[in-house]
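Source file run39.cif; content: mmCIF, C-alpha atoms.
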data_protein
#
loop_
_atom_site.label_atom_id
_atom_site.label_comp_id
_atom_site.auth_asym_id
_atom_site.auth_seq_id
_atom_site.Cartn_x
_atom_site.Cartn_y
_atom_site.Cartn_z
CA MET A 1 7.17 6.19 -14.59
CA LEU A 2 4.46 8.85 -14.77
CA VAL A 3 4.19 8.52 -18.56
CA THR A 4 4.01 4.74 -18.23
CA MET A 5 1.16 5.03 -15.73
CA PHE A 6 -0.83 7.22 -18.08
CA LEU A 7 -0.13 4.97 -21.08
CA LEU A 8 -1.29 1.91 -19.15
CA ALA A 9 -4.45 3.74 -18.15
CA ALA A 10 -5.04 4.82 -21.76
CA VAL A 11 -4.73 1.24 -23.01
CA TYR A 12 -7.04 0.05 -20.23
CA LEU A 13 -9.63 2.69 -21.03
CA ALA A 14 -9.46 1.98 -24.76
CA PHE A 15 -10.11 -1.69 -24.02
CA LEU A 16 -13.12 -0.82 -21.86
CA ALA A 17 -14.46 1.48 -24.57
CA PHE A 18 -14.12 -1.39 -27.06
CA LEU A 19 -16.03 -3.73 -24.73
CA SER A 20 -18.80 -1.15 -24.36
CA TYR A 21 -18.97 -0.67 -28.12
CA GLN A 22 -19.35 -4.44 -28.51
CA GLY A 23 -22.34 -4.39 -26.16
CA ALA A 24 -20.86 -5.26 -22.77
CA GLY A 25 -23.02 -3.44 -20.22
CA THR A 26 -21.65 -1.37 -17.38
CA THR A 27 -23.31 -3.66 -14.83
CA ILE A 28 -21.38 -6.63 -16.20
CA MET A 29 -18.10 -4.74 -16.08
CA ILE A 30 -18.71 -3.48 -12.53
CA ILE A 31 -19.49 -7.05 -11.46
CA PHE A 32 -16.25 -8.15 -13.13
CA VAL A 33 -14.28 -5.44 -11.31
CA GLY A 34 -16.01 -6.34 -8.04
CA ALA A 35 -15.07 -10.00 -8.49
CA PHE A 36 -11.49 -8.99 -9.19
CA MET A 37 -11.42 -6.83 -6.05
CA LEU A 38 -12.83 -9.70 -3.97
CA ILE A 39 -10.10 -12.01 -5.25
CA GLN A 40 -7.54 -9.37 -4.36
CA TYR A 41 -9.12 -8.93 -0.92
CA PHE A 42 -9.30 -12.60 0.01
CA PHE A 43 -6.00 -13.68 -1.54
CA SER A 44 -3.89 -10.55 -1.07
CA ASP A 45 -1.68 -12.22 1.54
CA LYS A 46 -0.84 -15.13 -0.76
CA LEU A 47 -0.27 -12.84 -3.75
CA VAL A 48 2.04 -10.53 -1.80
CA LEU A 49 4.03 -13.35 -0.20
CA THR A 50 4.46 -15.10 -3.54
CA SER A 51 5.54 -11.95 -5.38
CA MET A 52 8.09 -11.14 -2.66
CA ARG A 53 9.25 -14.77 -2.34
CA ALA A 54 8.57 -14.54 1.38
CA LYS A 55 8.89 -17.68 3.49
CA ILE A 56 6.65 -18.35 6.48
CA VAL A 57 8.96 -19.14 9.42
CA SER A 58 8.26 -21.14 12.54
CA GLU A 59 9.25 -20.24 16.08
CA SER A 60 12.12 -22.72 15.96
CA GLU A 61 13.48 -21.02 12.83
CA GLN A 62 13.19 -17.42 14.10
CA PRO A 63 12.71 -17.55 17.90
CA GLU A 64 13.69 -13.90 18.56
CA LEU A 65 11.39 -12.59 15.83
CA HIS A 66 8.50 -14.65 17.18
CA GLN A 67 9.21 -13.43 20.70
CA ILE A 68 9.16 -9.78 19.61
CA ILE A 69 5.91 -10.11 17.69
CA SER A 70 4.19 -12.14 20.43
CA ARG A 71 4.97 -9.47 23.02
CA LEU A 72 3.89 -6.59 20.77
CA CYS A 73 0.63 -8.38 19.90
CA LEU A 74 -0.21 -8.66 23.60
CA ILE A 75 0.31 -4.92 23.99
CA ALA A 76 -1.67 -4.11 20.84
CA ASP A 77 -4.40 -6.62 21.80
CA ILE A 78 -4.49 -8.42 18.45
CA PRO A 79 -4.02 -12.09 17.49
CA LYS A 80 -0.49 -13.11 16.61
CA PRO A 81 -0.11 -13.08 12.81
CA ARG A 82 1.86 -15.48 10.71
CA ILE A 83 5.48 -14.41 10.35
CA ALA A 84 7.49 -14.40 7.14
CA VAL A 85 11.04 -13.55 6.16
CA VAL A 86 12.20 -12.26 2.77
CA ASN A 87 15.78 -13.02 1.82
CA THR A 88 16.93 -9.70 0.37
CA SER A 89 19.45 -7.01 1.28
CA MET A 90 16.73 -4.36 1.02
CA PRO A 91 15.88 -3.24 4.59
CA ASN A 92 12.08 -3.26 4.77
CA ALA A 93 8.99 -4.79 6.32
CA PHE A 94 5.33 -5.14 5.40
CA ALA A 95 2.01 -6.51 6.61
CA THR A 96 -0.78 -8.00 4.57
CA GLY A 97 -4.03 -9.87 5.12
CA ARG A 98 -7.67 -8.81 5.14
CA SER A 99 -8.11 -8.93 8.94
CA PRO A 100 -6.12 -9.47 12.15
CA ASN A 101 -7.10 -13.15 12.03
CA ASN A 102 -5.65 -13.58 8.52
CA ALA A 103 -2.63 -11.30 8.79
CA VAL A 104 0.99 -11.88 7.86
CA VAL A 105 3.88 -9.70 9.00
CA ALA A 106 7.07 -10.02 6.97
CA VAL A 107 10.53 -8.62 7.48
CA THR A 108 13.56 -8.76 5.22
CA THR A 109 16.91 -10.18 6.21
CA GLY A 110 18.30 -6.76 5.34
CA ILE A 111 16.25 -4.97 7.99
CA MET A 112 17.08 -7.56 10.65
CA ASN A 113 20.78 -7.03 9.97
CA GLN A 114 20.60 -3.21 9.86
CA LEU A 115 18.44 -2.39 12.90
CA ASN A 116 18.95 -3.00 16.60
CA ARG A 117 16.23 -4.75 18.61
CA ASN A 118 14.46 -1.54 19.71
CA GLU A 119 14.32 -0.22 16.16
CA LEU A 120 13.12 -3.56 14.79
CA GLU A 121 10.37 -3.66 17.43
CA ALA A 122 9.25 -0.16 16.40
CA VAL A 123 9.07 -1.17 12.72
CA ILE A 124 7.11 -4.32 13.54
CA ALA A 125 4.76 -2.30 15.78
CA HIS A 126 4.13 -0.03 12.77
CA GLU A 127 3.16 -3.06 10.68
CA LEU A 128 0.98 -4.48 13.45
CA THR A 129 -0.88 -1.16 13.57
CA HIS A 130 -1.69 -1.60 9.87
CA VAL A 131 -3.12 -5.01 10.80
CA LYS A 132 -5.10 -3.63 13.74
CA ASN A 133 -6.49 -0.76 11.63
CA ARG A 134 -7.48 -3.21 8.85
CA ASP A 135 -5.71 -1.04 6.30
CA VAL A 136 -5.77 -3.69 3.57
CA MET A 137 -9.57 -3.80 3.81
CA VAL A 138 -9.83 0.00 3.90
CA MET A 139 -7.66 0.48 0.80
CA THR A 140 -9.44 -2.32 -1.09
CA ILE A 141 -12.86 -0.76 -0.42
CA ALA A 142 -11.56 2.71 -1.34
CA SER A 143 -10.09 1.35 -4.58
CA PHE A 144 -13.36 -0.38 -5.45
CA LEU A 145 -15.41 2.79 -4.89
CA SER A 146 -13.07 4.86 -7.06
CA THR A 147 -13.24 2.20 -9.78
CA VAL A 148 -17.04 2.22 -9.70
CA ALA A 149 -17.03 6.03 -9.99
CA PHE A 150 -14.67 5.71 -12.92
CA PHE A 151 -17.07 3.34 -14.72
CA LEU A 152 -20.13 5.45 -13.97
CA VAL A 153 -18.60 8.61 -15.41
CA ARG A 154 -17.49 6.78 -18.53
CA TYR A 155 -20.91 5.15 -18.90
CA MET A 156 -22.91 8.38 -18.50
CA LEU A 157 -20.83 10.26 -21.06
CA TYR A 158 -20.52 7.37 -23.48
CA PHE A 159 -24.19 6.44 -23.55
CA GLY A 160 -25.71 9.78 -22.63
CA GLY A 161 -24.52 11.64 -25.70
CA GLY A 162 -27.66 11.25 -27.76
CA GLY A 163 -27.98 9.90 -31.28
CA SER A 164 -25.49 8.09 -33.45
CA ASP A 165 -24.24 11.33 -35.04
CA ARG A 166 -22.74 12.23 -31.68
CA ARG A 167 -21.43 8.78 -30.87
CA GLY A 168 -17.87 9.48 -31.97
CA GLY A 169 -17.69 12.64 -29.86
CA SER A 170 -19.21 10.85 -26.90
CA ILE A 171 -16.55 8.15 -27.06
CA TRP A 172 -13.76 10.71 -26.88
CA ALA A 173 -15.54 12.67 -24.14
CA ALA A 174 -16.01 9.50 -22.12
CA TRP A 175 -12.38 8.54 -22.65
CA ALA A 176 -11.13 11.97 -21.49
CA ALA A 177 -13.50 12.08 -18.50
CA ALA A 178 -12.53 8.58 -17.44
CA ILE A 179 -8.84 9.55 -17.49
CA LEU A 180 -9.64 12.58 -15.32
CA VAL A 181 -11.58 10.42 -12.86
CA TRP A 182 -8.72 7.92 -12.79
CA VAL A 183 -6.14 10.63 -12.07
CA LEU A 184 -8.22 12.25 -9.32
CA SER A 185 -9.13 8.95 -7.67
CA THR A 186 -5.49 7.80 -7.81
CA LEU A 187 -4.35 11.02 -6.14
CA LEU A 188 -7.01 10.69 -3.43
CA LEU A 189 -6.11 7.05 -2.80
CA ARG A 190 -2.46 8.04 -2.42
CA VAL A 191 -3.46 10.76 0.07
CA LEU A 192 -5.44 8.16 2.02
CA SER A 193 -2.47 5.80 1.96
CA ARG A 194 -0.11 8.49 3.24
CA TYR A 195 -2.53 9.36 6.05
CA ARG A 196 -2.68 5.72 7.10
CA GLU A 197 1.12 5.60 7.20
CA PHE A 198 1.09 8.51 9.67
CA ALA A 199 -1.53 6.63 11.69
CA ALA A 200 0.63 3.49 11.72
CA ASP A 201 3.63 5.55 12.86
CA ARG A 202 1.57 6.90 15.76
CA GLY A 203 0.40 3.37 16.57
CA SER A 204 4.01 2.21 16.73
CA ALA A 205 4.85 5.07 19.09
CA VAL A 206 1.93 4.15 21.37
CA ILE A 207 2.66 0.40 21.37
CA THR A 208 6.39 0.72 22.07
CA GLY A 209 6.20 3.91 24.13
CA HIS A 210 9.28 5.21 22.29
CA PRO A 211 8.60 7.23 19.10
CA SER A 212 12.34 7.89 18.79
CA HIS A 213 12.96 4.19 18.10
CA LEU A 214 10.86 4.30 14.92
CA ALA A 215 12.40 7.64 13.92
CA SER A 216 15.85 6.10 14.27
CA ALA A 217 14.77 3.07 12.21
CA LEU A 218 13.35 5.27 9.44
CA MET A 219 16.59 7.25 9.26
CA LYS A 220 18.67 4.09 9.06
CA ILE A 221 16.46 2.49 6.41
CA SER A 222 16.33 5.64 4.26
CA ASP A 223 20.13 5.97 4.48
CA VAL A 224 20.70 2.35 3.48
CA MET A 225 18.10 2.22 0.69
CA PRO A 226 20.20 4.15 -1.89
CA ARG A 227 22.98 1.56 -1.50
CA VAL A 228 20.69 -1.40 -2.23
CA PRO A 229 21.26 -2.83 -5.73
CA GLN A 230 18.90 -1.18 -8.22
CA LYS A 231 17.75 -4.58 -9.48
CA ASP A 232 16.41 -5.47 -6.02
CA LEU A 233 14.70 -2.09 -5.70
CA ARG A 234 13.01 -2.31 -9.09
CA GLN A 235 11.78 -5.83 -8.40
CA ALA A 236 10.16 -4.68 -5.14
CA GLU A 237 8.77 -1.37 -6.40
CA GLY A 238 5.35 -2.80 -7.14
CA MET A 239 4.95 -3.58 -3.43
CA ASN A 240 5.59 0.01 -2.27
CA ALA A 241 2.11 0.34 -0.77
CA PHE A 242 2.91 -2.50 1.65
CA PHE A 243 6.40 -1.41 2.73
CA ILE A 244 7.33 0.80 5.66
CA ILE A 245 9.45 2.87 3.22
CA PRO A 246 9.01 2.83 -0.59
CA ALA A 247 11.60 0.85 -2.52
CA LEU A 248 12.09 3.76 -4.92
CA SER A 249 11.55 7.48 -4.60
CA GLY A 250 11.00 9.87 -7.47
CA SER A 251 10.80 13.51 -8.36
CA ALA A 252 8.58 16.11 -6.72
CA ILE A 253 5.65 15.36 -9.03
CA MET A 254 5.95 11.64 -8.30
CA LYS A 255 5.55 12.40 -4.59
CA LEU A 256 1.90 13.18 -5.42
CA PHE A 257 1.54 9.54 -6.43
CA SER A 258 3.62 8.20 -3.51
CA THR A 259 1.97 5.79 -1.09
CA HIS A 260 4.13 7.10 1.77
CA PRO A 261 4.84 10.56 3.22
CA PRO A 262 8.43 11.86 3.01
CA VAL A 263 10.65 10.40 5.73
CA GLU A 264 11.40 13.92 7.01
CA GLN A 265 7.71 14.56 7.67
CA ARG A 266 7.28 11.23 9.41
CA ILE A 267 10.26 11.87 11.69
CA ALA A 268 8.97 15.37 12.50
CA ALA A 269 5.58 13.87 13.43
CA LEU A 270 7.25 11.27 15.64
CA GLU A 271 9.29 13.97 17.38
CA LYS A 272 6.05 15.84 18.09
CA ILE A 273 4.52 12.68 19.57
CA GLU A 274 7.64 12.23 21.72
CA ARG A 275 7.22 15.75 23.12
CA GLU A 276 3.54 15.11 23.81
CA MET A 277 4.40 11.93 25.72
CA GLU A 278 7.03 13.71 27.78
CA THR A 279 4.62 16.46 28.83
CA ALA A 280 1.66 14.12 29.46
#
Could I get this structure in the form of structure tokens?
Amino acid sequence: MLVTMFLLAAVYLAFLAFLSYQGAGTTIMIIFVGAFMLIQYFFSDKLVLTSMRAKIVSESEQPELHQIISRLCLIADIPKPRIAVVNTSMPNAFATGRSPNNAVVAVTTGIMNQLNRNELEAVIAHELTHVKNRDVMVMTIASFLSTVAFFLVRYMLYFGGGGSDRRGGSIWAAWAAAILVWVLSTLLLRVLSRYREFAADRGSAVITGHPSHLASALMKISDVMPRVPQKDLRQAEGMNAFFIIPALSGSAIMKLFSTHPPVEQRIAALEKIEREMETA
């Protein structure tokens, strides 16, 4: 997976270098990237729902789910989002949408079957905290800024190398520097994502008043995940940033690129919050 990520980046960078060589200015490319990010920002909910084959459900179709989310939204003081269900054995949940007024909270049939009501409420409260904190907007802006930095570094090295006799060296220097910027920005974005997962866990604890319910849900989900068919996990892996627990976990080095903290760390943090609530 790590090699594939670097190869994809290398192909992407080579293509950008080719565009620059053909005369495409950095301003044009940054505008293009900005337009792409805006499309992602405004249509992220539709893209995510389509890719996960999630179905928006009415109150008559899922009355208990609607009741849970309505009550939690009153506590969290946010508008009630649209509700979707994904028909898969993988126990998971996610939230998407650029703002609380455009949000969608989705749960899988697997998670509804595996968790009791208290645990399901805790998971949904975690996703509602993502909505309240506008995490989709935060991550989109952060991604755009890192992409702009990536282009600026490549541009300065590629076009700042002097005369034509140094052009070949400048291309390779720009290519290497752009890869470095990409790696560093990716790592920082993953750190930001993991921090926001901790924040959503704390939000769930505050909304429900029972951090142990989310801890129990995380333990159940992480125990069940290895038994989910690998085909289902691989199909959902691209949506890891949206899930409450990643669909796949990798080696120690891949944890640097993980969008989520280890389950053990999240449970330890929830236990600490529980102790703080008891002594408050």
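When only C-alpha atoms are used to compute distances to Ser99 (chain A), the closest of the residues A:Arg190, A:His66, A:Arg71, A:His130 turns out to be A:His130.
Using only C-alpha atoms, the nearest neighbour of Leu188 (chain A) within the list A:Gln62, A:Arg275, A:Lys80, A:Thr259 is A:Thr259.
Pairwise distance (CA of Gly110 (chain A), CA of Ser89 (chain A)) equals 4.2 Å.
The interatomic distance for the pair CA of Leu49 (chain A) and CA of Ile69 (chain A) works out to 18.3 Å.
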inquiry  = At a cut-off of 10 Å, using all atoms listed in the file, what residues contact Glu121 (chain A)? Leave out same-chain residues fewer than 4 positions from it and give the result as a VMD selection string.
reply    = chain A and resid 65 68 to 69 71 to 72 115 to 117 125 to 127 204 207 to 208 213 to 214 217
Interatomic distance (Å, one decimal) between CA of Ala268 (chain A) and CA of Asn133 (chain A) = 22.4 Å
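You can rank A:Leu47, A:Leu270, A:His260, A:Ile39 by their closest distance to Thr96 (chain A) using only C-alpha atoms, and at the top of that list sits A:Leu47.
Considering the residues A:Thr108, A:Asn102, A:Asn118, A:Asn87 and counting only C-alpha atoms, Phe42 (chain A) has its shortest atom-to-atom contact with A:Asn102.
Distances from A:Thr88, A:Tyr195, A:Phe94, A:Ala35 to Asn113 (chain A) were compared using all atoms listed in the file, and the smallest one belongs to A:Thr88.
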With the input short on atoms, add N, CA and C atoms back to region 61-90 of chain A and write it as a compact mmCIF listing (two decimals), in the coordinates of the input.
# COMPACT_ATOMS: atom_id res chain seq x y z
N GLU A 61 12.60 -21.61 13.83
CA GLU A 61 13.48 -21.02 12.83
C GLU A 61 13.88 -19.59 13.18
N GLN A 62 12.94 -18.81 13.74
CA GLN A 62 13.19 -17.42 14.10
C GLN A 62 12.63 -17.14 15.50
N PRO A 63 13.26 -17.70 16.54
CA PRO A 63 12.71 -17.55 17.90
C PRO A 63 12.65 -16.10 18.38
N GLU A 64 13.68 -15.29 18.08
CA GLU A 64 13.69 -13.90 18.56
C GLU A 64 12.60 -13.09 17.88
N LEU A 65 12.43 -13.31 16.58
CA LEU A 65 11.39 -12.59 15.83
C LEU A 65 10.01 -12.95 16.37
N HIS A 66 9.78 -14.22 16.61
CA HIS A 66 8.50 -14.65 17.18
C HIS A 66 8.27 -14.05 18.56
N GLN A 67 9.32 -13.99 19.36
CA GLN A 67 9.21 -13.43 20.70
C GLN A 67 8.82 -11.96 20.65
N ILE A 68 9.46 -11.21 19.76
CA ILE A 68 9.16 -9.78 19.61
C ILE A 68 7.70 -9.58 19.22
N ILE A 69 7.26 -10.31 18.21
CA ILE A 69 5.91 -10.11 17.69
C ILE A 69 4.87 -10.58 18.70
N SER A 70 5.14 -11.66 19.41
CA SER A 70 4.19 -12.14 20.43
C SER A 70 3.99 -11.08 21.51
N ARG A 71 5.08 -10.48 21.97
CA ARG A 71 4.97 -9.47 23.02
C ARG A 71 4.23 -8.23 22.53
N LEU A 72 4.54 -7.78 21.31
CA LEU A 72 3.89 -6.59 20.77
C LEU A 72 2.40 -6.84 20.52
N CYS A 73 2.05 -8.06 20.13
CA CYS A 73 0.63 -8.38 19.90
C CYS A 73 -0.16 -8.33 21.20
N LEU A 74 0.46 -8.75 22.30
CA LEU A 74 -0.21 -8.66 23.60
C LEU A 74 -0.48 -7.20 23.97
N ILE A 75 0.49 -6.34 23.70
CA ILE A 75 0.31 -4.92 23.99
C ILE A 75 -0.75 -4.31 23.09
N ALA A 76 -0.73 -4.67 21.81
CA ALA A 76 -1.67 -4.11 20.84
C ALA A 76 -3.04 -4.76 20.91
N ASP A 77 -3.15 -5.88 21.64
CA ASP A 77 -4.40 -6.62 21.80
C ASP A 77 -4.95 -7.11 20.46
N ILE A 78 -4.08 -7.80 19.72
CA ILE A 78 -4.49 -8.42 18.45
C ILE A 78 -3.93 -9.84 18.40
N PRO A 79 -4.55 -10.73 17.62
CA PRO A 79 -4.02 -12.09 17.49
C PRO A 79 -2.63 -12.06 16.85
N LYS A 80 -1.83 -13.02 17.20
CA LYS A 80 -0.49 -13.11 16.61
C LYS A 80 -0.60 -13.52 15.15
N PRO A 81 -0.02 -12.73 14.23
CA PRO A 81 -0.11 -13.08 12.81
C PRO A 81 0.91 -14.14 12.44
N ARG A 82 0.79 -14.65 11.24
CA ARG A 82 1.86 -15.48 10.71
C ARG A 82 3.08 -14.59 10.44
N ILE A 83 4.24 -15.17 10.48
CA ILE A 83 5.48 -14.41 10.35
C ILE A 83 6.26 -14.94 9.16
N ALA A 84 6.73 -14.01 8.33
CA ALA A 84 7.49 -14.40 7.14
C ALA A 84 8.79 -13.61 7.07
N VAL A 85 9.74 -14.20 6.38
CA VAL A 85 11.04 -13.55 6.16
C VAL A 85 11.34 -13.54 4.67
N VAL A 86 11.82 -12.40 4.18
CA VAL A 86 12.20 -12.26 2.77
C VAL A 86 13.71 -12.14 2.70
N ASN A 87 14.33 -13.01 1.93
CA ASN A 87 15.78 -13.02 1.82
C ASN A 87 16.24 -12.00 0.79
N THR A 88 16.45 -10.77 1.24
CA THR A 88 16.93 -9.70 0.37
C THR A 88 17.70 -8.69 1.21
N SER A 89 18.65 -8.02 0.58
CA SER A 89 19.45 -7.01 1.28
C SER A 89 18.67 -5.73 1.52
N MET A 90 17.54 -5.57 0.85
CA MET A 90 16.73 -4.36 1.02
C MET A 90 16.14 -4.34 2.42
